[in-house]
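Participant: Got structure-v1.pdb for you, PDB, C-alpha atoms and all ligand atoms:
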MODEL        1
ATOM      1  CA  CYS F   1      -0.184  -3.093 -18.495
ATOM      2  CA  LYS F   2      -1.915   0.190 -19.258
ATOM      3  CA  ARG F   3      -5.227  -1.200 -17.987
ATOM      4  CA  LEU F   4      -3.570  -2.620 -14.863
ATOM      5  CA  ALA F   5      -1.863   0.662 -14.044
ATOM      6  CA  ALA F   6      -5.153   2.539 -14.482
ATOM      7  CA  GLN F   7      -6.986   0.130 -12.176
ATOM      8  CA  LEU F   8      -4.282   0.420  -9.514
ATOM      9  CA  GLY F   9      -3.925   4.213  -9.810
ATOM     10  CA  LEU F  10      -0.273   3.851 -10.846
ATOM     11  CA  VAL F  11       1.541   5.749 -13.595
ATOM     12  CA  HIS F  12       2.210   3.426 -16.564
ATOM     13  CA  VAL F  13       5.838   3.787 -17.666
ATOM     14  CA  SER F  14       6.597   1.720 -20.771
ATOM     15  CA  THR F  15      10.178   2.028 -21.972
ATOM     16  CA  GLY F  16       9.196   0.583 -25.383
ATOM     17  CA  ASP F  17       6.450   3.222 -25.835
ATOM     18  CA  ALA F  18       8.739   6.016 -24.631
ATOM     19  CA  PHE F  19      11.558   5.069 -26.986
ATOM     20  CA  ARG F  20       9.209   4.513 -29.959
ATOM     21  CA  ASP F  21       7.856   7.992 -29.325
ATOM     22  CA  ALA F  22      11.372   9.437 -29.055
ATOM     23  CA  VAL F  23      12.333   7.783 -32.372
ATOM     24  CA  ALA F  24       9.175   9.080 -34.085
ATOM     25  CA  ARG F  25       9.812  12.624 -32.813
ATOM     26  CA  ARG F  26      13.527  12.393 -33.721
ATOM     27  CA  THR F  27      14.614  13.622 -30.304
ATOM     28  CA  PRO F  28      18.320  13.257 -29.407
ATOM     29  CA  LEU F  29      17.389  10.185 -27.309
ATOM     30  CA  GLY F  30      15.403   8.722 -30.217
ATOM     31  CA  LEU F  31      18.224   9.289 -32.690
ATOM     32  CA  GLN F  32      20.633   7.448 -30.397
ATOM     33  CA  ALA F  33      18.187   4.554 -29.889
ATOM     34  CA  LYS F  34      16.855   4.124 -33.435
ATOM     35  CA  GLY F  35      19.603   1.922 -34.883
ATOM     36  CA  TYR F  36      19.369  -0.533 -31.991
ATOM     37  CA  MET F  37      15.570  -0.692 -32.083
ATOM     38  CA  ASP F  38      15.490  -1.184 -35.867
ATOM     39  CA  ARG F  39      17.716  -4.238 -35.492
ATOM     40  CA  GLY F  40      15.644  -5.642 -32.606
ATOM     41  CA  ARG F  41      18.524  -5.027 -30.182
ATOM     42  CA  PHE F  42      18.423  -3.539 -26.720
ATOM     43  CA  VAL F  43      19.028   0.151 -26.346
ATOM     44  CA  PRO F  44      22.307   0.512 -24.350
ATOM     45  CA  ASP F  45      21.902   0.351 -20.574
ATOM     46  CA  GLU F  46      23.259   3.884 -19.999
ATOM     47  CA  LEU F  47      20.538   5.430 -22.176
ATOM     48  CA  ILE F  48      17.661   3.421 -20.803
ATOM     49  CA  ILE F  49      18.756   3.685 -17.163
ATOM     50  CA  GLN F  50      19.123   7.453 -17.476
ATOM     51  CA  PHE F  51      15.653   7.679 -19.017
ATOM     52  CA  VAL F  52      14.031   5.577 -16.272
ATOM     53  CA  THR F  53      15.936   7.327 -13.464
ATOM     54  CA  ASP F  54      14.720  10.712 -14.727
ATOM     55  CA  ARG F  55      11.168   9.431 -15.196
ATOM     56  CA  LEU F  56      11.000   7.998 -11.656
ATOM     57  CA  ALA F  57      11.911  11.427 -10.266
ATOM     58  CA  GLU F  58       9.001  13.179 -11.997
ATOM     59  CA  PRO F  59       6.203  14.419  -9.722
ATOM     60  CA  ASP F  60       3.440  12.085 -10.997
ATOM     61  CA  VAL F  61       5.520   8.963 -10.286
ATOM     62  CA  VAL F  62       6.739  10.275  -6.938
ATOM     63  CA  ALA F  63       3.132  10.966  -5.895
ATOM     64  CA  ARG F  64       1.407   7.831  -7.236
ATOM     65  CA  GLY F  65       4.074   5.183  -7.828
ATOM     66  CA  CYS F  66       4.374   3.409 -11.150
ATOM     67  CA  LEU F  67       4.075   0.250 -13.098
ATOM     68  CA  LEU F  68       7.225  -0.188 -15.168
ATOM     69  CA  ASP F  69       6.506  -2.046 -18.393
ATOM     70  CA  GLY F  70       9.467  -3.609 -20.216
ATOM     71  CA  PHE F  71      12.088  -2.536 -17.686
ATOM     72  CA  PRO F  72      14.425  -3.878 -16.352
ATOM     73  CA  ARG F  73      15.662  -6.166 -19.112
ATOM     74  CA  THR F  74      19.322  -6.636 -18.173
ATOM     75  CA  GLY F  75      21.267  -7.390 -14.994
ATOM     76  CA  PRO F  76      22.679  -3.825 -14.682
ATOM     77  CA  GLN F  77      19.204  -2.315 -15.234
ATOM     78  CA  ALA F  78      17.775  -4.589 -12.534
ATOM     79  CA  ARG F  79      20.524  -3.827 -10.033
ATOM     80  CA  THR F  80      20.239  -0.073 -10.627
ATOM     81  CA  LEU F  81      16.477  -0.182 -10.181
ATOM     82  CA  ALA F  82      16.587  -2.359  -7.065
ATOM     83  CA  ALA F  83      19.103   0.015  -5.473
ATOM     84  CA  ALA F  84      17.170   3.167  -6.419
ATOM     85  CA  VAL F  85      13.583   2.415  -5.383
ATOM     86  CA  LYS F  86      11.574  -0.076  -3.393
ATOM     87  CA  ILE F  87      10.149  -2.551  -5.881
ATOM     88  CA  GLU F  88       7.074  -4.296  -4.527
ATOM     89  CA  ARG F  89       6.656  -6.933  -7.201
ATOM     90  CA  PHE F  90       8.465  -8.122 -10.319
ATOM     91  CA  VAL F  91       6.055 -10.036 -12.550
ATOM     92  CA  VAL F  92       7.207 -12.381 -15.301
ATOM     93  CA  LEU F  93       4.417 -13.277 -17.726
ATOM     94  CA  GLN F  94       5.311 -16.751 -18.921
ATOM     95  CA  VAL F  95       4.549 -17.731 -22.509
ATOM     96  CA  PRO F  96       6.418 -20.397 -24.537
ATOM     97  CA  ASP F  97       8.596 -19.033 -27.373
ATOM     98  CA  LYS F  98       6.438 -20.540 -30.113
ATOM     99  CA  ALA F  99       3.271 -18.927 -28.758
ATOM    100  CA  LEU F 100       5.108 -15.600 -28.419
ATOM    101  CA  GLN F 101       6.078 -15.746 -32.066
ATOM    102  CA  THR F 102       2.467 -16.470 -33.080
ATOM    103  CA  ARG F 103       1.273 -13.572 -30.919
ATOM    104  CA  ALA F 104       3.874 -11.211 -32.372
ATOM    105  CA  ILE F 105       2.712 -11.901 -35.933
ATOM    106  CA  ALA F 106      -0.852 -10.918 -34.964
ATOM    107  CA  ARG F 107       0.234  -7.841 -32.945
ATOM    108  CA  ARG F 108      -0.697  -4.400 -34.263
ATOM    109  CA  ILE F 109       0.150  -0.956 -32.932
ATOM    110  CA  ASP F 110      -1.966   2.166 -33.237
ATOM    111  CA  PRO F 111       0.487   4.864 -34.432
ATOM    112  CA  VAL F 112      -1.784   7.606 -33.069
ATOM    113  CA  THR F 113      -2.327   6.393 -29.490
ATOM    114  CA  GLY F 114       0.470   3.826 -29.105
ATOM    115  CA  ASP F 115      -2.135   1.233 -28.039
ATOM    116  CA  ILE F 116      -1.191  -2.347 -28.843
ATOM    117  CA  TYR F 117      -3.716  -4.944 -30.026
ATOM    118  CA  ASN F 118      -3.659  -8.570 -31.049
ATOM    119  CA  LEU F 119      -5.880  -9.480 -33.999
ATOM    120  CA  THR F 120      -6.758 -12.801 -32.326
ATOM    121  CA  TYR F 121      -6.709 -12.185 -28.575
ATOM    122  CA  VAL F 122      -7.216  -8.446 -28.096
ATOM    123  CA  PRO F 123      -9.120  -7.320 -31.214
ATOM    124  CA  PRO F 124      -9.042  -3.582 -31.992
ATOM    125  CA  PRO F 125     -12.208  -1.457 -32.179
ATOM    126  CA  ALA F 126     -13.531  -1.116 -35.753
ATOM    127  CA  ASP F 127     -12.783   2.621 -35.988
ATOM    128  CA  VAL F 128      -9.006   2.218 -35.577
ATOM    129  CA  VAL F 129      -8.439  -0.957 -37.653
ATOM    130  CA  ALA F 130      -7.547   0.879 -40.865
ATOM    131  CA  ARG F 131      -4.623   2.772 -39.326
ATOM    132  CA  LEU F 132      -3.028  -0.123 -37.383
ATOM    133  CA  GLU F 133       0.491  -1.253 -38.284
ATOM    134  CA  PRO F 134       2.639  -4.286 -37.431
ATOM    135  CA  ARG F 135       5.629  -3.409 -35.264
ATOM    136  CA  GLN F 136       8.701  -3.727 -37.455
ATOM    137  CA  TYR F 137      10.617  -5.868 -34.977
ATOM    138  CA  ASP F 138       7.590  -8.181 -34.471
ATOM    139  CA  ASP F 139       6.913  -9.149 -38.066
ATOM    140  CA  ASP F 140      10.471 -10.087 -38.973
ATOM    141  CA  ALA F 141      11.155 -13.660 -37.776
ATOM    142  CA  GLY F 142      14.945 -13.166 -37.601
ATOM    143  CA  THR F 143      14.717 -10.009 -35.528
ATOM    144  CA  PHE F 144      12.111 -11.562 -33.288
ATOM    145  CA  GLN F 145      14.295 -14.606 -32.624
ATOM    146  CA  THR F 146      17.149 -12.264 -31.679
ATOM    147  CA  ARG F 147      14.875 -10.606 -29.107
ATOM    148  CA  LEU F 148      13.909 -13.998 -27.658
ATOM    149  CA  ASP F 149      17.532 -15.157 -27.411
ATOM    150  CA  VAL F 150      18.507 -11.944 -25.677
ATOM    151  CA  TYR F 151      15.571 -12.226 -23.282
ATOM    152  CA  HIS F 152      16.498 -15.756 -22.195
ATOM    153  CA  LYS F 153      20.098 -14.742 -21.637
ATOM    154  CA  HIS F 154      19.194 -11.754 -19.460
ATOM    155  CA  ILE F 155      16.240 -12.921 -17.381
ATOM    156  CA  ARG F 156      18.534 -15.191 -15.339
ATOM    157  CA  GLN F 157      20.597 -12.150 -14.342
ATOM    158  CA  ILE F 158      17.527 -10.062 -13.466
ATOM    159  CA  ILE F 159      15.587 -12.384 -11.171
ATOM    160  CA  PRO F 160      18.139 -12.393  -8.287
ATOM    161  CA  SER F 161      17.762  -8.623  -7.811
ATOM    162  CA  PHE F 162      14.132  -9.064  -6.720
ATOM    163  CA  GLY F 163      14.301 -12.276  -4.670
ATOM    164  CA  GLN F 164      10.931 -13.227  -3.238
ATOM    165  CA  ARG F 165       9.206 -10.342  -4.962
ATOM    166  CA  VAL F 166       9.277 -12.167  -8.280
ATOM    167  CA  TRP F 167       5.988 -13.627  -9.470
ATOM    168  CA  MET F 168       5.884 -16.063 -12.357
ATOM    169  CA  VAL F 169       2.437 -15.828 -13.948
ATOM    170  CA  ASP F 170       1.054 -18.269 -16.524
ATOM    171  CA  ALA F 171       0.067 -15.952 -19.389
ATOM    172  CA  MET F 172      -1.194 -18.712 -21.682
ATOM    173  CA  ARG F 173      -4.680 -18.173 -20.242
ATOM    174  CA  PRO F 174      -7.302 -15.758 -21.641
ATOM    175  CA  PRO F 175      -6.290 -12.078 -21.174
ATOM    176  CA  ASP F 176      -9.083 -11.382 -18.656
ATOM    177  CA  ALA F 177      -8.012 -14.297 -16.444
ATOM    178  CA  VAL F 178      -4.388 -13.095 -16.406
ATOM    179  CA  PHE F 179      -5.516  -9.518 -15.797
ATOM    180  CA  GLY F 180      -7.776 -10.583 -12.913
ATOM    181  CA  ASP F 181      -4.945 -12.461 -11.173
ATOM    182  CA  LEU F 182      -2.474  -9.633 -11.611
ATOM    183  CA  ALA F 183      -4.919  -6.990 -10.434
ATOM    184  CA  ARG F 184      -5.804  -8.987  -7.291
ATOM    185  CA  CYS F 185      -2.163  -9.696  -6.435
ATOM    186  CA  LEU F 186      -0.932  -6.169  -7.072
ATOM    187  CA  GLU F 187      -3.888  -4.609  -5.262
ATOM    188  CA  ALA F 188      -2.996  -6.754  -2.244
ATOM    189  CA  ALA F 189       0.624  -5.555  -2.459
ATOM    190  CA  ALA F 190      -0.487  -1.908  -2.799
ATOM    191  CA  GLY F 191      -2.821  -2.375   0.174
ATOM    192  CA  ALA F 192       0.058  -3.722   2.224
ATOM    193  CA  VAL F 193       2.040  -0.559   1.435
ATOM    194  CA  ALA F 194      -0.874   1.693   2.349
ATOM    195  CA  ALA F 195      -1.599  -0.140   5.627
ATOM    196  CA  PRO F 196       1.494  -2.101   6.609
ATOM    197  CA  ALA F 197       0.226  -3.053  10.061
ATOM    198  CA  ALA F 198      -2.768  -4.945   8.678
ATOM    199  CA  GLY F 199      -0.717  -7.856   7.380
ATOM    200  CA  GLY F 200       1.140  -8.529  10.632
ATOM    201  CA  ALA F 201       4.785  -7.872  11.477
ATOM    202  CA  GLU F 202       6.189  -9.925   8.620
ATOM    203  CA  ALA F 203       4.036  -8.250   5.962
ATOM    204  CA  ALA F 204       4.774  -4.825   7.434
ATOM    205  CA  GLU F 205       8.500  -5.424   7.218
ATOM    206  CA  GLU F 206       8.164  -6.700   3.654
ATOM    207  CA  ALA F 207       5.972  -3.770   2.624
ATOM    208  CA  ALA F 208       7.705  -0.806   4.170
ATOM    209  CA  PRO F 209      11.285  -1.133   5.366
ATOM    210  CA  ALA F 210      12.545   2.015   7.074
ATOM    211  CA  GLU F 211      14.802   3.068   4.180
ATOM    212  CA  ALA F 212      12.157   2.612   1.493
ATOM    213  CA  PRO F 213      10.989   5.666  -0.424
ATOM    214  CA  PRO F 214       7.220   6.115  -0.391
ATOM    215  CA  GLN F 215       6.586   5.166  -4.023
ATOM    216  CA  PHE F 216       4.899   1.922  -4.897
ATOM    217  CA  CYS F 217       6.627   0.524  -7.952
ATOM    218  CA  CYS F 218       6.206  -2.743  -9.740
ATOM    219  CA  ALA F 219       7.952  -3.961 -12.829
ATOM    220  CA  ILE F 220       6.592  -6.289 -15.473
ATOM    221  CA  THR F 221       8.469  -8.128 -18.166
ATOM    222  CA  GLN F 222       7.076 -10.496 -20.728
ATOM    223  CA  GLU F 223       8.620 -13.792 -21.712
TER     224      GLU F 223
HETATM  225  P1  LIG F 301       9.013  -3.223 -26.156
HETATM  226  O1  LIG F 301       7.853  -2.538 -26.828
HETATM  227  O2  LIG F 301       8.937  -3.149 -24.671
HETATM  228  O3  LIG F 301       9.185  -4.631 -26.651
HETATM  229  O4  LIG F 301      10.345  -2.425 -26.575
HETATM  230  C1  LIG F 301      10.660  -2.143 -27.917
HETATM  231  C2  LIG F 301      12.152  -1.908 -28.085
HETATM  232  O5  LIG F 301      12.567  -0.811 -27.265
HETATM  233  C3  LIG F 301      13.049  -3.058 -27.647
HETATM  234  O6  LIG F 301      13.213  -4.045 -28.659
HETATM  235  C4  LIG F 301      14.361  -2.327 -27.347
HETATM  236  O7  LIG F 301      15.040  -1.970 -28.533
HETATM  237  C5  LIG F 301      13.855  -1.035 -26.701
HETATM  238  N1  LIG F 301      13.706  -1.226 -25.236
HETATM  239  C6  LIG F 301      12.564  -1.107 -24.505
HETATM  240  N2  LIG F 301      12.788  -1.337 -23.200
HETATM  241  C7  LIG F 301      14.128  -1.607 -23.106
HETATM  242  C8  LIG F 301      14.990  -1.938 -22.013
HETATM  243  N3  LIG F 301      14.535  -2.047 -20.751
HETATM  244  N4  LIG F 301      16.313  -2.133 -22.285
HETATM  245  C9  LIG F 301      16.810  -2.015 -23.535
HETATM  246  N5  LIG F 301      16.047  -1.732 -24.610
HETATM  247  C10 LIG F 301      14.714  -1.515 -24.406
ENDMDL
END
I'd like the structure from this file rewritten - as structure tokens, please.

Facilitator:
Amino acid sequence: CKRLAAQLGLVHVSTGDAFRDAVARRTPLGLQAKGYMDRGRFVPDELIIQFVTDRLAEPDVVARGCLLDGFPRTGPQARTLAAAVKIERFVVLQVPDKALQTRAIARRIDPVTGDIYNLTYVPPPADVVARLEPRQYDDDAGTFQTRLDVYHKHIRQIIPSFGQRVWMVDAMRPPDAVFGDLARCLEAAAGAVAAPAAGGAEAAEEAAPAEAPPQFCCAITQE
């Protein structure tokens, strides 16, 4: 997601990164979220919605638009987001549960930069390997299964908020192939926002309805 946002010139807003950082810095938000995150549960909607609403109002996001990573994850989050800003695309990266569990076991996070690697698919550079750590809610099978169960329950309530803007993407392919597809599709969507007339009347209406704020936002969630 970070790489995609950089390529598209969007601000990368990851709720997982933001809340991990808040927990590490023991901010009031982090202290409220910690217990939920430690148990692999969702942070309550009120907290996460308030965080995202505030973040979307910051000048960098207003000027450049953003790629939301890991939000929305519940029906109320999705409805709040859809009502607040014009979402251009909602991308669901599809991976079977078993493969997700295998990926989670090999996932490592860099506590200094927050970068996430996978020892098999996205190997870390040699100079950071020694400091990498598993994420606590990835390496515990029980906690991970809870996250999967919760995901399946909620995704059905999220999809209707974005209608035809939902893209299901097969993420069982090599990372570069998935990245290439996403970049092409999202660049086309961003281009349609920048030059709505180019795609014809239908595309123009889809890209820039009169009431839409100027930001270009897209949200990504991972199955
Ligand atoms: P992630 O790195 O995106 O998997 O997020 C890590 C953890 O942060 C999750 O297991 C939740 O506890 C919390 N979190 C992140 N995004 C959300 C969200 N949209 N709604 C509720 N909790 C979230």

Participant: Report as a list of chain:residue names which protein, DNA and RNA residues come within 7 Å of ligand LIG 301 (chain F), using all atoms listed in the file.

Facilitator: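 Residues satisfying the distance criterion: F:Ser14, F:Thr15, F:Gly16, F:Asp17, F:Phe19, F:Arg20, F:Tyr36, F:Met37, F:Gly40, F:Arg41, F:Phe42, F:Val43, F:Pro44, F:Asp45, F:Ile48, F:Asp69, F:Gly70, F:Phe71, F:Pro72, F:Arg73, F:Thr74, F:Arg147.
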
Participant: What does the distance between atom CA of F:Met168 and atom CA of F:Phe90 come to in Å, to one decimal place?

Facilitator: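 So the two atoms, atom CA of F:Met168 and atom CA of F:Phe90, lie 8.6 Å apart.
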
Participant: Give me, as CSV, the closest atom pair and its distance (Å, one decimal) for every residue of stretch 41-141 of chain F within a cut-off of 10 Å of stretch 156-162 of chain F, counting all atoms listed in the file, rows sorted by chain and rising number.

Facilitator:
residue,atom,partner,partner_atom,distance
F:Pro72,CA,F:Ile158,CA,7.5
F:Arg73,CA,F:Ile158,CA,7.1
F:Thr74,CA,F:Ile158,CA,6.1
F:Gly75,CA,F:Ile158,CA,4.8
F:Pro76,CA,F:Ile158,CA,8.2
F:Gln77,CA,F:Ile158,CA,8.1
F:Ala78,CA,F:Ile158,CA,5.6
F:Arg79,CA,F:Ser161,CA,6.0
F:Thr80,CA,F:Ser161,CA,9.3
F:Leu81,CA,F:Ser161,CA,8.9
F:Ala82,CA,F:Ser161,CA,6.4
F:Ala83,CA,F:Ser161,CA,9.0
F:Lys86,CA,F:Phe162,CA,9.9
F:Ile87,CA,F:Phe162,CA,7.7
F:Glu88,CA,F:Phe162,CA,8.8
F:Arg89,CA,F:Phe162,CA,7.8
F:Phe90,CA,F:Phe162,CA,6.8
F:Val91,CA,F:Ile159,CA,9.9
F:Val92,CA,F:Ile159,CA,9.3

Participant: What is the distance between atom CA of F:Leu29 and atom CA of F:Thr113, in Å to one decimal?

Facilitator: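 According to the coordinates, atom CA of F:Leu29 and atom CA of F:Thr113 are separated by 20.2 Å.
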
Participant: Out of F:Ala104, F:Thr221, F:Gly65, F:Ala57, which residue has the shortest atom-to-atom distance to F:Phe144 when counting all atoms listed in the file?

Facilitator: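 Checking each of F:Ala104, F:Thr221, F:Gly65, F:Ala57 against F:Phe144, counting all atoms listed in the file, the winner is F:Ala104.
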
Participant: Restricting the calculation to all atoms listed in the file, which member of F:Gly9, F:Glu58, F:Asp115, F:Gln222 is positioned closest to F:Trp167?

Facilitator: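 Closest to F:Trp167, using all atoms listed in the file: F:Gln222.
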
Participant: In terms of the shortest atom-to-atom distance over all atoms listed in the file, which of F:Cys185, F:Val128, F:Leu100, F:Ile109 is closest to F:Gln145?

Facilitator: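 Ranked by minimum distance to F:Gln145, first place goes to F:Leu100.
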
Participant: Hey, what's within 10 Å of F:Val122 if we count all atoms listed in the file and toss same-chain stuff fewer than 4 positions away? As a ChimeraX atom specification, please?

Facilitator: /F:106-108,116-118,174-175

Participant: What is the atom CA of F:Asp170-atom CA of F:Pro123 distance in Å, reported with one decimal?

Facilitator: 21.0 Å

Participant: So, with only C-alpha atoms as the atoms that count, which of F:Leu8, F:Ala22, F:Ala219, F:Cys1 lies closest to F:Glu187?

Facilitator: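 The answer is F:Leu8, which sits nearest to F:Glu187.
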
Participant: Go through F:Gln101, F:Gln164, F:Thr143, F:Thr53 one by one, measure the shortest atom-to-atom distance of each to F:Ala84 using all atoms listed in the file, and give the residue with the smallest value.

Facilitator: F:Thr53
